[in-house]
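Novice: Got a file for you: structure-v5.cif, mmCIF, C-alpha atoms (C1' of nucleotides).
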data_query
loop_
_atom_site.label_atom_id
_atom_site.label_comp_id
_atom_site.auth_asym_id
_atom_site.auth_seq_id
_atom_site.Cartn_x
_atom_site.Cartn_y
_atom_site.Cartn_z
CA MET A 1 -20.42 13.37 0.61
CA HIS A 2 -18.80 12.50 -2.65
CA THR A 3 -17.53 16.03 -2.68
CA GLN A 4 -14.77 14.98 -4.98
CA THR A 5 -13.35 18.20 -6.28
CA PRO A 6 -11.25 17.99 -9.42
CA GLU A 7 -8.38 19.08 -7.20
CA ALA A 8 -8.72 16.00 -5.06
CA SER A 9 -5.27 14.57 -4.62
CA PHE A 10 -4.26 11.01 -5.22
CA PHE A 11 -4.21 10.53 -1.47
CA ASP A 12 -7.81 11.62 -1.07
CA ARG A 13 -8.92 9.08 -3.64
CA VAL A 14 -7.02 6.37 -1.82
CA TYR A 15 -8.77 7.26 1.43
CA GLU A 16 -12.15 7.20 -0.27
CA VAL A 17 -11.59 3.71 -1.64
CA VAL A 18 -10.32 2.40 1.70
CA ARG A 19 -13.40 3.74 3.41
CA LEU A 20 -15.50 1.62 1.05
CA VAL A 21 -13.86 -1.62 2.13
CA PRO A 22 -16.60 -3.56 3.95
CA ARG A 23 -16.11 -4.58 7.55
CA GLY A 24 -14.54 -7.99 7.82
CA ARG A 25 -12.94 -7.79 4.39
CA VAL A 26 -9.45 -6.74 3.29
CA THR A 27 -7.86 -5.28 0.19
CA THR A 28 -4.34 -4.67 -1.01
CA TYR A 29 -2.15 -1.70 -1.86
CA GLY A 30 -1.72 -2.92 -5.41
CA ALA A 31 -5.46 -3.41 -5.92
CA ILE A 32 -6.15 0.17 -4.88
CA ALA A 33 -3.37 1.46 -7.11
CA ALA A 34 -4.70 -0.56 -10.03
CA TYR A 35 -8.23 0.71 -9.44
CA LEU A 36 -7.13 4.34 -9.42
CA GLY A 37 -4.96 3.89 -12.51
CA SER A 38 -2.47 1.34 -13.69
CA GLY A 39 0.34 3.88 -13.71
CA ARG A 40 0.27 4.61 -10.01
CA GLY A 41 2.73 2.69 -7.92
CA ALA A 42 1.45 0.66 -5.01
CA ARG A 43 4.10 2.31 -2.85
CA MET A 44 2.17 5.54 -3.11
CA VAL A 45 -0.84 3.84 -1.61
CA GLY A 46 1.28 2.75 1.30
CA TRP A 47 2.59 6.26 1.74
CA ALA A 48 -0.96 7.57 1.60
CA MET A 49 -1.92 5.24 4.41
CA ASN A 50 1.03 6.49 6.41
CA GLN A 51 -0.50 9.94 6.18
CA SER A 52 -4.04 8.65 6.64
CA HIS A 53 -4.13 10.09 10.14
CA ALA A 54 -4.24 13.51 8.49
CA CYS A 55 -7.54 12.60 6.85
CA ARG A 56 -10.45 14.17 8.69
CA GLN A 57 -12.60 11.08 8.30
CA TYR A 58 -12.03 7.59 9.62
CA VAL A 59 -9.87 5.47 7.36
CA PRO A 60 -9.85 1.72 8.13
CA ALA A 61 -6.20 1.34 7.26
CA HIS A 62 -6.05 -2.02 9.00
CA ARG A 63 -8.08 -3.48 6.12
CA VAL A 64 -5.24 -2.80 3.70
CA VAL A 65 -2.54 -5.43 3.51
CA ASN A 66 0.08 -6.39 0.96
CA ARG A 67 -0.33 -8.80 -1.92
CA GLN A 68 0.40 -11.81 0.27
CA GLY A 69 -2.18 -10.86 2.87
CA MET A 70 0.59 -9.84 5.25
CA LEU A 71 0.22 -7.09 7.83
CA THR A 72 3.24 -5.15 6.66
CA GLY A 73 1.98 -1.85 8.03
CA LYS A 74 1.26 -3.00 11.55
CA HIS A 75 4.13 -0.97 12.94
CA HIS A 76 2.49 2.27 11.92
CA PHE A 77 -0.51 1.75 14.16
CA GLY A 78 -0.58 2.59 17.83
CA GLY A 79 1.37 -0.58 18.49
CA PRO A 80 2.49 -3.64 16.55
CA ARG A 81 -0.51 -5.51 17.92
CA LEU A 82 -3.21 -2.97 17.18
CA MET A 83 -3.67 -3.76 13.50
CA GLN A 84 -4.14 -7.44 14.21
CA GLN A 85 -6.55 -6.71 17.04
CA LEU A 86 -8.62 -4.44 14.83
CA LEU A 87 -8.89 -7.17 12.21
CA GLU A 88 -9.73 -9.86 14.74
CA GLY A 89 -12.39 -7.52 16.05
CA GLU A 90 -13.99 -7.87 12.63
CA ASP A 91 -13.80 -11.65 12.69
CA VAL A 92 -10.74 -11.70 10.45
CA ARG A 93 -8.36 -14.36 11.66
CA VAL A 94 -4.71 -13.38 11.68
CA GLU A 95 -1.82 -15.70 12.35
CA ARG A 96 1.86 -14.78 12.25
CA ASP A 97 0.99 -11.43 10.62
CA GLN A 98 -0.91 -13.16 7.87
CA VAL A 99 -4.62 -12.90 7.14
CA GLN A 100 -6.13 -16.36 7.10
CA ASP A 101 -8.47 -17.14 4.20
CA PHE A 102 -7.02 -14.06 2.58
CA LYS A 103 -8.10 -15.08 -0.89
CA ARG A 104 -11.69 -15.43 0.28
CA LEU A 105 -11.73 -12.18 2.25
CA PHE A 106 -9.96 -10.21 -0.44
CA TRP A 107 -12.07 -7.27 -1.63
CA ASP A 108 -11.02 -5.97 -5.02
CA PRO A 109 -12.24 -2.42 -5.66
CA ALA A 110 -11.84 -2.91 -9.41
CA ARG A 111 -14.31 -5.78 -9.24
CA GLU A 112 -16.70 -4.59 -6.53
CA LEU A 113 -16.95 -0.93 -7.44
CA PRO A 114 -18.17 0.76 -10.61
CA LEU A 115 -15.52 2.32 -12.76
CA PRO A 116 -14.40 5.75 -11.49
"C1'" DT B 1 15.40 22.44 -6.58
"C1'" DG B 2 17.81 17.88 -6.44
"C1'" DA B 3 18.12 13.85 -3.71
"C1'" DT B 4 16.02 10.66 -0.72
"C1'" DT B 5 12.30 7.92 1.03
"C1'" DG B 6 8.51 4.70 1.26
"C1'" DA B 7 2.71 0.39 5.14
"C1'" DC B 8 4.71 -2.36 -2.72
"C1'" DC B 9 5.20 -5.47 -6.69
"C1'" DA B 10 7.20 -8.09 -10.39
"C1'" DA B 11 11.11 -9.49 -12.70
"C1'" DC B 12 15.58 -11.01 -12.66
"C1'" DT B 13 20.01 -13.60 -10.92
"C1'" DC C 1 14.07 -21.34 -4.39
"C1'" DA C 2 15.87 -17.12 -1.92
"C1'" DG C 3 17.87 -12.76 -2.27
"C1'" DT C 4 18.52 -8.57 -5.06
"C1'" DT C 5 17.14 -4.83 -8.26
"C1'" DG C 6 14.43 -1.65 -10.68
"C1'" DG C 7 10.20 0.93 -11.30
"C1'" DC C 8 6.25 3.29 -9.91
"C1'" DC C 9 5.33 8.77 -8.23
"C1'" DA C 10 4.09 12.03 -4.47
"C1'" DA C 11 5.86 13.96 -0.21
"C1'" DT C 12 9.75 15.28 2.63
"C1'" DC C 13 14.61 16.78 3.70
#
What's the structure tokens form of this structure?
Specialist:
Amino acid sequence: MHTQTPEASFFDRVYEVVRLVPRGRVTTYGAIAAYLGSGRGARMVGWAMNQSHACRQYVPAHRVVNRQGMLTGKHHFGGPRLMQQLLEGEDVRVERDQVQDFKRLFWDPARELPLP
DNA sequence: TGATTGACCAACT
DNA sequence: CAGTTGGCCAATC
């Protein structure tokens, strides 16, 4: 574990951070981008999640939402309902594609993790 | 190898 | 206050 080779791509770092999101908590694309480096665009994090299926390990992509706590990526799961069901399975309430109590459940890697 | 795309975000009109 | 635009940067066409 932590076999972070210097050749690790930006995507691999995104996956590693997402894996660290605790069960029942959520984070955002922008927060991950900011944690990895202020220059990286949040869109890249979204694109990384799109390719997350290529990652050998499990990536809880359903715990990543946009800045408003909205399930913008739900369409990229098995079905438009799967992302919400996965979150509700972790006691995260979702209504109209929005995470309820988002501010309270928000997990900021820059605040919860040591500096990279 | 240039142009396009994208599960975003902030600023601007 | 809602809709549009530009920027971020790697991957894909």
Novice: Determine the residue membership of the PyMOL selection byres ((chain C and resi 2-10) around 6) for the file above and supply it as a PyMOL selection string.
Specialist: (chain A and resi 41) or (chain C and resi 1+11)
Novice: With C-alpha atoms (C1' of nucleotides) retained, could you export that selection as a JSON list (two decimals), in the frame of the given file?
Specialist:
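Generated file (selection12.json):
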[["chain", "number", "residue", "atom", "x", "y", "z"],
["A", 41, "GLY", "CA", 2.73, 2.69, -7.92],
["C", 1, "DC", "C1'", 14.07, -21.34, -4.39],
["C", 11, "DA", "C1'", 5.86, 13.96, -0.21]]
Novice: Give me the result of the PyMOL selection byres ((chain C and resi 12) around 12) on this file, residue by residue, as number ranges by chain.
Specialist: A: 47; B: 3-6; C: 10-11, 13
Novice: Based on the selection just made, write C-alpha atoms (C1' of nucleotides) of those residues as a CSV table (one decimal), in the coordinates of the input.
Specialist:
chain,number,residue,atom,x,y,z
A,47,TRP,CA,2.6,6.3,1.7
B,3,DA,C1',18.1,13.8,-3.7
B,4,DT,C1',16.0,10.7,-0.7
B,5,DT,C1',12.3,7.9,1.0
B,6,DG,C1',8.5,4.7,1.3
C,10,DA,C1',4.1,12.0,-4.5
C,11,DA,C1',5.9,14.0,-0.2
C,13,DC,C1',14.6,16.8,3.7
Novice: Show me, as a PyMOL selection string, every residue of chain A with an atom at most 12 Å from chain C, counting only C-alpha atoms (C1' of nucleotides).
Specialist: chain A and resi 9-11+30+33-34+37-48+50-51
Novice: Pull out every residue of chain B sitting within 9 Å of chain A, counting only C-alpha atoms (C1' of nucleotides), and send them as a list in words.
Specialist: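 Per the criterion, chain B yields DG6, DA7, DC8 and DC9 of chain B.
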Novice: Counting all atoms listed in the file, which of A:Gln57, A:Ser52, A:Gln85, A:Thr27 gets nearest to A:Met70?
Specialist: A:Thr27
Novice: Under the PyMOL selection byres ((chain A and resi 86) around 12), which residues of this model are included? Write them out as a PDB file with C-alpha atoms, in the coordinates of the input.
Specialist:
ATOM      1  CA  ARG A  23     -16.110  -4.580   7.550  1.00  0.00           C
ATOM      2  CA  GLY A  24     -14.540  -7.990   7.820  1.00  0.00           C
ATOM      3  CA  ARG A  25     -12.940  -7.790   4.390  1.00  0.00           C
ATOM      4  CA  VAL A  26      -9.450  -6.740   3.290  1.00  0.00           C
ATOM      5  CA  PRO A  60      -9.850   1.720   8.130  1.00  0.00           C
ATOM      6  CA  ALA A  61      -6.200   1.340   7.260  1.00  0.00           C
ATOM      7  CA  HIS A  62      -6.050  -2.020   9.000  1.00  0.00           C
ATOM      8  CA  ARG A  63      -8.080  -3.480   6.120  1.00  0.00           C
ATOM      9  CA  VAL A  64      -5.240  -2.800   3.700  1.00  0.00           C
ATOM     10  CA  LEU A  71       0.220  -7.090   7.830  1.00  0.00           C
ATOM     11  CA  LYS A  74       1.260  -3.000  11.550  1.00  0.00           C
ATOM     12  CA  PHE A  77      -0.510   1.750  14.160  1.00  0.00           C
ATOM     13  CA  GLY A  78      -0.580   2.590  17.830  1.00  0.00           C
ATOM     14  CA  GLY A  79       1.370  -0.580  18.490  1.00  0.00           C
ATOM     15  CA  PRO A  80       2.490  -3.640  16.550  1.00  0.00           C
ATOM     16  CA  ARG A  81      -0.510  -5.510  17.920  1.00  0.00           C
ATOM     17  CA  LEU A  82      -3.210  -2.970  17.180  1.00  0.00           C
ATOM     18  CA  MET A  83      -3.670  -3.760  13.500  1.00  0.00           C
ATOM     19  CA  GLN A  84      -4.140  -7.440  14.210  1.00  0.00           C
ATOM     20  CA  GLN A  85      -6.550  -6.710  17.040  1.00  0.00           C
ATOM     21  CA  LEU A  87      -8.890  -7.170  12.210  1.00  0.00           C
ATOM     22  CA  GLU A  88      -9.730  -9.860  14.740  1.00  0.00           C
ATOM     23  CA  GLY A  89     -12.390  -7.520  16.050  1.00  0.00           C
ATOM     24  CA  GLU A  90     -13.990  -7.870  12.630  1.00  0.00           C
ATOM     25  CA  ASP A  91     -13.800 -11.650  12.690  1.00  0.00           C
ATOM     26  CA  VAL A  92     -10.740 -11.700  10.450  1.00  0.00           C
ATOM     27  CA  ARG A  93      -8.360 -14.360  11.660  1.00  0.00           C
ATOM     28  CA  VAL A  94      -4.710 -13.380  11.680  1.00  0.00           C
TER      29      VAL A  94
END
Novice: Could you jot down the atom CA of A:Arg19 to atom CA of A:Val59 separation for me, Å, one decimal place?
Specialist: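 Rounded to one decimal, the two atoms are 5.6 Å apart.
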Novice: Calculate how many Å separate atom CA of A:Arg13 from atom C1' of B:DG2, rounding to one decimal.
Specialist: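 A separation of 28.3 Å between them.
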Novice: May I ask for the distance between atom CA of A:Leu115 and atom CA of A:Val14, given in Å to one decimal place?
Specialist: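 Computing the Euclidean distance for atom CA of A:Leu115 and atom CA of A:Val14 yields 14.4 Å.
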Novice: I'd like the contact shell of A:Val17 - 10 Å cut-off, only C-alpha atoms (C1' of nucleotides), skipping same-chain residues fewer than 4 positions apart - returned as a VMD selection string.
Specialist: chain A and resid 12 to 13 21 27 32 35 to 36 59 109 113
Novice: So that all listed atoms of stretch 4-8 of chain C fit with 5 Å spare on each side, what axis-aligned box centre and edge lengths in Å, to one decimal, would you give as AutoDock Vina command-line options?
Specialist:
--center_x 12.4 --center_y -2.6 --center_z -8.2 --size_x 22.3 --size_y 21.9 --size_z 16.2
